[in-house]
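**Student:** One structure coming up, written as structure tokens, with questions to follow.
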Amino acid sequence: MDLKQADWMSQLEIDQNAIVLDVRTEEECQDGMIPNAIHIDIYNGQEFINALEQLDHLKNYYVYCKAGGRSGQACQLMNQLGFENTYNLIGGMMNWNGAVVPPERD
């Protein structure tokens, strides 16, 4: 489901079953991430799918990318894999005006 930022943020705030998923590239993440986001690069092909399959399908996923296109694709793919609740951030990080944190270092 596509959500505008205000709806995405307010729903995320009250969702006790939420996971935030960043599907951008490693380089894009260097510009900052939404707090507590899990990073899985959608451009990693089969690795991306394998990583998704390891996630808890019963959680609610709030997915974002740079502009909203790739995260929309990720939501569609996740739905095909059996995830019931995926929420795409319309406009992605380009329109994000919430908190941003540096990516965690491995």
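Numbering starts fresh at 1 for the residues of each chain in the structure tokens, the chains themselves are lettered A, B, ... in the order given, and ligands are numbered from 1 as they appear.
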Could you pull out the strand (DSSP E or B) residues of stretch 9-100 of chain A from DSSP and send them as a list of chain:residue names?
**Tutor:** A:Ala18, A:Ile19, A:Val20, A:Leu21, A:Asp22, A:Met33, A:Ile38, A:His39, A:Asn60, A:Tyr61, A:Tyr62, A:Val63, A:Tyr64, A:Asn85, A:Thr86, A:Tyr87, A:Asn88, A:Leu89
**Student:** Can you tell me, as a PyMOL selection string, what residues are no more than 6 Å from A:Gly32 when counting only C-alpha atoms, ignoring any on the same chain fewer than 4 positions away?
**Tutor:** chain A and resi 100-102
**Student:** Generate a file of the selected residues that holds C-alpha atoms, formatted as a compact mmCIF listing (two decimals), in the first residue's frame.
**Tutor:**
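Done, and the output landed in part23.txt:
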```
# COMPACT_ATOMS: atom_id res chain seq x y z
CA VAL A 100 17.72 10.67 9.94
CA VAL A 101 20.65 8.76 11.43
CA PRO A 102 23.98 7.64 9.96
```
**Student:** In Å, how far is it from atom CA of A:Phe48 to atom CA of A:Arg24?
**Tutor:** 11.2 Å
**Student:** Let me make sure I understand: among A:Glu53, A:Leu89, A:Glu104, A:Pro35, which one has the smallest atom-to-atom distance to A:Gly69 if we use only C-alpha atoms?
**Tutor:**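 Closest candidate: A:Leu89.
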**Student:** Please tabulate, as CSV, the residues of stretch 10-86 of chain A that come within 8 Å of stretch 90-95 of chain A, each with its closest pair of atoms and the distance in Å to one decimal, counting only C-alpha atoms and ordering rows by chain, then residue number upward.
**Tutor:**
```
residue,atom,partner,partner_atom,distance
A:Tyr64,CA,A:Gly92,CA,5.4
A:Cys65,CA,A:Gly92,CA,5.2
A:Lys66,CA,A:Met93,CA,4.7
A:Ala67,CA,A:Gly92,CA,4.2
A:Gly68,CA,A:Gly92,CA,4.6
```
**Student:** Near A:Met1, counting only C-alpha atoms, which residues have an atom at most 9 Å away, once you skip same-chain residues fewer than 2 positions from it, shown as a list of chain:residue names?
**Tutor:**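 Skipping anything fewer than 2 positions along the chain leaves A:Leu3, A:Gly72, A:Cys75, A:Gln76, A:Asn85, A:Thr86, A:Tyr87, A:Asn88, A:Leu89.
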